[in-house]
Structure formats: structure tokens, C-alpha cells
file entry_7.pdb (PDB, C-alpha atoms)
ATOM      1  CA  MET A   1      39.333  40.795 -14.209
ATOM      2  CA  LYS A   2      36.814  37.941 -14.311
ATOM      3  CA  ILE A   3      38.863  36.003 -11.738
ATOM      4  CA  PHE A   4      37.944  38.614  -9.103
ATOM      5  CA  TYR A   5      34.264  37.710  -9.585
ATOM      6  CA  ILE A   6      34.715  33.954  -9.814
ATOM      7  CA  VAL A   7      36.830  33.402  -6.666
ATOM      8  CA  PRO A   8      34.352  35.052  -4.250
ATOM      9  CA  LEU A   9      31.447  33.261  -5.941
ATOM     10  CA  VAL A  10      33.114  29.845  -5.557
ATOM     11  CA  PHE A  11      33.894  30.606  -1.907
ATOM     12  CA  VAL A  12      30.266  31.568  -1.178
ATOM     13  CA  LEU A  13      28.908  28.460  -2.918
ATOM     14  CA  LEU A  14      31.259  26.151  -1.032
ATOM     15  CA  ALA A  15      30.515  27.788   2.310
ATOM     16  CA  ASN A  16      26.752  27.455   1.803
ATOM     17  CA  SER A  17      26.865  23.860   0.539
ATOM     18  CA  CYS A  18      28.407  22.484   3.735
ATOM     19  CA  SER A  19      26.173  21.769   6.703
ATOM     20  CA  LYS A  20      27.821  21.919  10.089
ATOM     21  CA  ASP A  21      27.689  18.648  11.963
ATOM     22  CA  VAL A  22      26.101  18.489  15.396
ATOM     23  CA  LYS A  23      27.786  16.800  18.352
ATOM     24  CA  LEU A  24      25.982  13.494  18.961
ATOM     25  CA  LYS A  25      25.097  12.908  22.581
ATOM     26  CA  GLU A  26      22.944  10.523  24.535
ATOM     27  CA  GLY A  27      19.591  12.125  25.243
ATOM     28  CA  THR A  28      17.559  14.708  23.340
ATOM     29  CA  MET A  29      19.082  16.791  20.555
ATOM     30  CA  GLN A  30      17.946  18.954  17.661
ATOM     31  CA  MET A  31      19.300  19.002  14.115
ATOM     32  CA  GLY A  32      18.483  20.523  10.743
ATOM     33  CA  PHE A  33      17.511  19.053   7.387
ATOM     34  CA  HIS A  34      20.344  17.007   5.811
ATOM     35  CA  GLN A  35      22.401  17.454   8.970
ATOM     36  CA  CYS A  36      24.336  14.753  10.808
ATOM     37  CA  ALA A  37      25.445  14.320  14.398
ATOM     38  CA  GLU A  38      28.665  12.478  15.247
ATOM     39  CA  GLY A  39      30.169  11.368  18.534
ATOM     40  CA  LYS A  40      31.039   8.538  20.873
ATOM     41  CA  ILE A  41      28.688   6.842  23.289
ATOM     42  CA  ALA A  42      29.818   3.844  25.358
ATOM     43  CA  GLY A  43      32.922   3.483  23.158
ATOM     44  CA  ASP A  44      30.923   3.306  19.904
ATOM     45  CA  ASN A  45      31.711   5.707  17.034
ATOM     46  CA  LEU A  46      28.242   6.917  16.038
ATOM     47  CA  ARG A  47      26.767   9.032  13.256
ATOM     48  CA  PHE A  48      23.069   9.933  13.037
ATOM     49  CA  CYS A  49      21.599  11.831  10.054
ATOM     50  CA  PHE A  50      18.283  13.496   9.192
ATOM     51  CA  ASP A  51      18.206  12.390   5.545
ATOM     52  CA  SER A  52      14.805  13.479   4.239
ATOM     53  CA  LEU A  53      11.251  14.433   5.064
ATOM     54  CA  ILE A  54       8.797  11.918   3.640
ATOM     55  CA  GLU A  55       5.514  13.387   4.857
ATOM     56  CA  ASP A  56       4.159  16.250   6.909
ATOM     57  CA  SER A  57       0.391  15.855   7.127
ATOM     58  CA  ARG A  58       0.043  17.359  10.625
ATOM     59  CA  CYS A  59      -3.100  19.416  11.199
ATOM     60  CA  PRO A  60      -2.164  23.122  10.919
ATOM     61  CA  ALA A  61      -2.278  25.275  14.047
ATOM     62  CA  ASN A  62      -5.709  26.836  14.695
ATOM     63  CA  ALA A  63      -7.430  24.369  12.349
ATOM     64  CA  ILE A  64      -9.947  21.633  13.093
ATOM     65  CA  CYS A  65      -9.012  18.370  11.403
ATOM     66  CA  VAL A  66     -10.500  14.879  11.247
ATOM     67  CA  TRP A  67      -7.166  13.432  12.321
ATOM     68  CA  GLN A  68      -4.013  14.874  13.863
ATOM     69  CA  GLY A  69      -1.746  13.906  10.976
ATOM     70  CA  ALA A  70       1.896  12.931  11.214
ATOM     71  CA  ALA A  71       5.370  13.929  10.165
ATOM     72  CA  VAL A  72       7.495  11.083   8.792
ATOM     73  CA  ALA A  73      11.227  11.387   8.200
ATOM     74  CA  ARG A  74      14.023   9.154   6.948
ATOM     75  CA  PHE A  75      17.094   8.814   9.146
ATOM     76  CA  SER A  76      20.343   6.888   8.974
ATOM     77  CA  PHE A  77      22.382   5.594  11.899
ATOM     78  CA  THR A  78      25.973   4.397  11.714
ATOM     79  CA  ASN A  79      27.630   2.456  14.518
ATOM     80  CA  ASN A  80      31.306   1.592  13.976
ATOM     81  CA  GLN A  81      30.994   1.724  10.152
ATOM     82  CA  GLU A  82      27.746  -0.315   9.922
ATOM     83  CA  THR A  83      24.840   1.813   8.625
ATOM     84  CA  SER A  84      21.084   1.345   8.930
ATOM     85  CA  SER A  85      18.414   3.523   7.274
ATOM     86  CA  PHE A  86      14.870   3.785   8.671
ATOM     87  CA  ARG A  87      11.702   5.909   8.861
ATOM     88  CA  LEU A  88      10.223   7.359  12.036
ATOM     89  CA  SER A  89       7.035   9.306  12.704
ATOM     90  CA  THR A  90       5.886  11.897  15.222
ATOM     91  CA  ILE A  91       2.994   9.579  16.157
ATOM     92  CA  ASN A  92       2.788   5.866  16.912
ATOM     93  CA  MET A  93       0.169   4.027  14.821
ATOM     94  CA  PRO A  94       1.736   0.794  13.510
ATOM     95  CA  PRO A  95       2.346  -0.394  10.901
ATOM     96  CA  ASN A  96       2.681   2.880   8.935
ATOM     97  CA  TYR A  97       3.608   5.291  11.720
ATOM     98  CA  ILE A  98       6.345   4.224  14.132
ATOM     99  CA  LYS A  99       7.636   6.763  16.664
ATOM    100  CA  ASP A 100      10.752   4.899  17.850
ATOM    101  CA  THR A 101      13.026   2.025  16.982
ATOM    102  CA  VAL A 102      16.037   0.164  18.336
ATOM    103  CA  VAL A 103      19.009   0.083  15.979
ATOM    104  CA  MET A 104      22.334  -1.587  16.826
ATOM    105  CA  GLY A 105      21.685  -1.346  20.570
ATOM    106  CA  TYR A 106      20.394   2.265  20.568
ATOM    107  CA  LYS A 107      16.805   3.411  20.999
ATOM    108  CA  ILE A 108      15.995   6.317  18.672
ATOM    109  CA  GLU A 109      12.776   8.286  19.210
ATOM    110  CA  PHE A 110      11.348  10.999  16.920
ATOM    111  CA  ILE A 111      10.109  13.695  19.318
ATOM    112  CA  ASN A 112       9.158  16.631  17.086
ATOM    113  CA  LEU A 113       9.494  18.385  13.735
ATOM    114  CA  THR A 114       9.541  22.190  13.601
ATOM    115  CA  PRO A 115       8.183  24.540  12.486
ATOM    116  CA  TYR A 116       4.655  23.316  13.034
ATOM    117  CA  PRO A 117       2.306  23.799  10.031
ATOM    118  CA  GLY A 118       0.247  26.968  10.254
ATOM    119  CA  THR A 119       2.736  28.768  12.515
ATOM    120  CA  VAL A 120       4.770  30.124   9.551
ATOM    121  CA  PRO A 121       3.872  30.869   5.927
ATOM    122  CA  SER A 122       3.475  27.808   3.694
ATOM    123  CA  PRO A 123       5.101  26.027   2.044
ATOM    124  CA  ILE A 124       7.877  25.492   4.587
ATOM    125  CA  PRO A 125      11.279  25.178   2.882
ATOM    126  CA  ASP A 126      13.078  21.927   3.800
ATOM    127  CA  ASN A 127      16.144  23.874   4.948
ATOM    128  CA  ASP A 128      14.014  25.573   7.634
ATOM    129  CA  ARG A 129      12.966  22.259   9.179
ATOM    130  CA  LYS A 130      14.484  20.822  12.342
ATOM    131  CA  VAL A 131      13.950  17.474  14.023
ATOM    132  CA  GLU A 132      14.157  16.733  17.712
ATOM    133  CA  VAL A 133      15.226  13.172  18.482
ATOM    134  CA  LYS A 134      16.183  11.226  21.578
ATOM    135  CA  ILE A 135      18.967   8.627  21.454
ATOM    136  CA  THR A 136      19.650   6.270  24.362
ATOM    137  CA  LYS A 137      21.934   3.258  24.744
ATOM    138  CA  GLN A 138      19.920   0.113  25.516
TER     139      GLN A 138
END

call {"tool": "encode", "arguments": {"input": "entry_7.pdb", "output": "C-alpha cells"}}
result
Amino acid sequence: MKIFYIVPLVFVLLANSCSKDVKLKEGTMQMGFHQCAEGKIAGDNLRFCFDSLIEDSRCPANAICVWQGAAVARFSFTNNQETSSFRLSTINMPPNYIKDTVVMGYKIEFINLTPYPGTVPSPIPDNDRKVEVKITKQ
């Protein structure tokens, strides 16, 4: 009798633990926390992943702040089995906040992180976060 409870539970856990991959394309795309995008651009087999959120110090909506703040995330990019890991920010203030980078012949730009602080109840669960990035072949 216990097997009837265990099998559905295992199925639910496995289904929820997998994140669906996004089709990688040149241009702007959106992806969720711990999600990867895979595809081919200019003959290269590419994989781009939103690995973690390092910081989200952006000024909440409807607040007055001394500085605008920034969101910083860790990404990884694989081109034909060679992987590079890097941090990008929603603002550009070197050396700590870099908005874009060129990795293995591709420019990667961090456009936005949603939801914006103050637009939903806090704290924002990581699984609710989405990044918008732009990838272009150089």
C-alpha cells in the first residue's frame, strides 16, 4: 500500500527539480533562476546559464534612495565545450559593476532583473527571479 504513495511523490519531486531549458538565440532573451539556454549561433554550440544572484541592492519602487543600487548575477557561458564563468551587473560602474562582457567572441549584456524590488512582497524568492540578457556574435 505504501508504494502507491511513494511513486506519485517521486514523480512530483523529479518533475519539479528539472528546469526547462530555453532556446538560445542571438539577441535579447529572458530566463529564470538556475535556467540555461542552449542553441547554435554561427556554427557554435552554445550554452548560457543564470547560475546565481549575488546582489540585489536596487532602490525599491516608490522610494527615494541615495544611490540607484544594482543587481549582480553570476553567469556561465559554454562555447564548443569550453566554459567561462563571470559576473554582470544591471549598471556600469567599473571595477565592481560591469554591465557587459565579451566571452569567446560573444558580447553578453545584462539588461534587467525582474521583479523589481518594491513591486512585489519582500523577500523575493530566487525561483521567481528572471534575467533579461542580450547575446550578440562579435

call {"tool": "resolve_selection", "arguments": {"input": "entry_7.pdb", "expression": "the PyMOL selection byres ((chain A and resi 109) around 6)", "output": "list of chain:residue names"}}
result
A:Lys99, A:Asp100, A:Ile108, A:Phe110, A:Val133, A:Lys134

call {"tool": "atom_distance", "arguments": {"input": "entry_7.pdb", "atom1": "atom CA of A:Cys65", "atom2": "atom CA of A:Gly118"}}
result
12.7 Å

call {"tool": "closest_residue", "arguments": {"input": "entry_7.pdb", "among": "A:Ser89, A:Asn62, A:Gln35, A:Thr114", "to": "A:Ser76", "atoms": "all atoms listed in the file"}}
result
A:Gln35

call {"tool": "resolve_selection", "arguments": {"input": "entry_7.pdb", "expression": "the PyMOL selection byres ((chain A and resi 126) around 12)", "output": "PyMOL selection string"}}
result
chain A and resi 32-35+50-56+73+113-115+122-125+127-131

call {"tool": "atom_distance", "arguments": {"input": "entry_7.pdb", "atom1": "atom CA of A:Glu38", "atom2": "atom CA of A:Glu26"}}
result
11.1 Å

call {"tool": "atom_distance", "arguments": {"input": "entry_7.pdb", "atom1": "atom CA of A:Val72", "atom2": "atom CA of A:Ile111"}}
result
11.2 Å

call {"tool": "resolve_selection", "arguments": {"input": "entry_7.pdb", "expression": "the PyMOL selection byres ((chain A and resi 36) around 6)", "output": "tab-separated table (two decimals) with C-alpha atoms, in the frame of the given file"}}
result
chain	number	residue	atom	x	y	z
A	21	ASP	CA	27.69	18.65	11.96
A	35	GLN	CA	22.40	17.45	8.97
A	37	ALA	CA	25.44	14.32	14.40
A	48	PHE	CA	23.07	9.93	13.04
A	49	CYS	CA	21.60	11.83	10.05

call {"tool": "closest_residue", "arguments": {"input": "entry_7.pdb", "among": "A:Ile64, A:Ala70, A:Leu46, A:Met29", "to": "A:Thr90", "atoms": "all atoms listed in the file"}}
result
A:Ala70

call {"tool": "closest_residue", "arguments": {"input": "entry_7.pdb", "among": "A:Arg47, A:Met31, A:Leu24, A:Pro60", "to": "A:Thr119", "atoms": "only C-alpha atoms"}}
result
A:Pro60

call {"tool": "axis_aligned_box", "arguments": {"input": "entry_7.pdb", "around": "stretch 87-90 of chain A", "padding_each_side": "6 Å", "output": "lines of an AutoDock Vina configuration file"}}
result
center_x = 8.8
center_y = 8.9
center_z = 12.0
size_x = 17.8
size_y = 18.0
size_z = 18.4

call {"tool": "closest_residue", "arguments": {"input": "entry_7.pdb", "among": "A:Ala71, A:Ala63, A:Met93, A:Ile135", "to": "A:Tyr106", "atoms": "all atoms listed in the file"}}
result
A:Ile135

call {"tool": "closest_residue", "arguments": {"input": "entry_7.pdb", "among": "A:Gly39, A:Gln138, A:Asp44, A:Ser85", "to": "A:Gly105", "atoms": "all atoms listed in the file"}}
result
A:Gln138

call {"tool": "closest_residue", "arguments": {"input": "entry_7.pdb", "among": "A:Gln30, A:Ile91, A:Lys40, A:Lys25", "to": "A:Trp67", "atoms": "all atoms listed in the file"}}
result
A:Ile91

call {"tool": "build_atoms", "arguments": {"input": "entry_7.pdb", "residues": "stretch 36-49 of chain A", "atoms": "N, CA and C atoms", "output": "compact mmCIF listing (two decimals), keeping the file's coordinate frame"}}
result
# COMPACT_ATOMS: atom_id res chain seq x y z
N CYS A 36 23.93 15.96 10.10
CA CYS A 36 24.34 14.75 10.81
C CYS A 36 24.92 15.12 12.16
N ALA A 37 24.83 14.18 13.08
CA ALA A 37 25.44 14.32 14.40
C ALA A 37 26.44 13.18 14.55
N GLU A 38 27.63 13.49 15.05
CA GLU A 38 28.66 12.48 15.25
C GLU A 38 29.18 12.55 16.66
N GLY A 39 29.58 11.40 17.20
CA GLY A 39 30.17 11.37 18.53
C GLY A 39 30.35 9.95 19.01
N LYS A 40 30.81 9.84 20.25
CA LYS A 40 31.04 8.54 20.87
C LYS A 40 30.11 8.38 22.06
N ILE A 41 29.48 7.22 22.12
CA ILE A 41 28.69 6.84 23.29
C ILE A 41 29.10 5.42 23.63
N ALA A 42 29.44 5.18 24.88
CA ALA A 42 29.82 3.84 25.36
C ALA A 42 30.89 3.20 24.47
N GLY A 43 31.83 4.00 23.98
CA GLY A 43 32.92 3.48 23.16
C GLY A 43 32.58 3.26 21.70
N ASP A 44 31.34 3.49 21.30
CA ASP A 44 30.92 3.31 19.90
C ASP A 44 31.09 4.62 19.14
N ASN A 45 31.64 4.55 17.93
CA ASN A 45 31.71 5.71 17.03
C ASN A 45 30.39 5.79 16.28
N LEU A 46 29.60 6.82 16.56
CA LEU A 46 28.24 6.92 16.04
C LEU A 46 28.08 8.12 15.11
N ARG A 47 27.17 7.94 14.15
CA ARG A 47 26.77 9.03 13.26
C ARG A 47 25.27 8.86 13.01
N PHE A 48 24.51 9.94 13.22
CA PHE A 48 23.07 9.93 13.04
C PHE A 48 22.71 11.08 12.11
N CYS A 49 21.92 10.81 11.05
CA CYS A 49 21.60 11.83 10.05
C CYS A 49 20.09 11.95 9.81
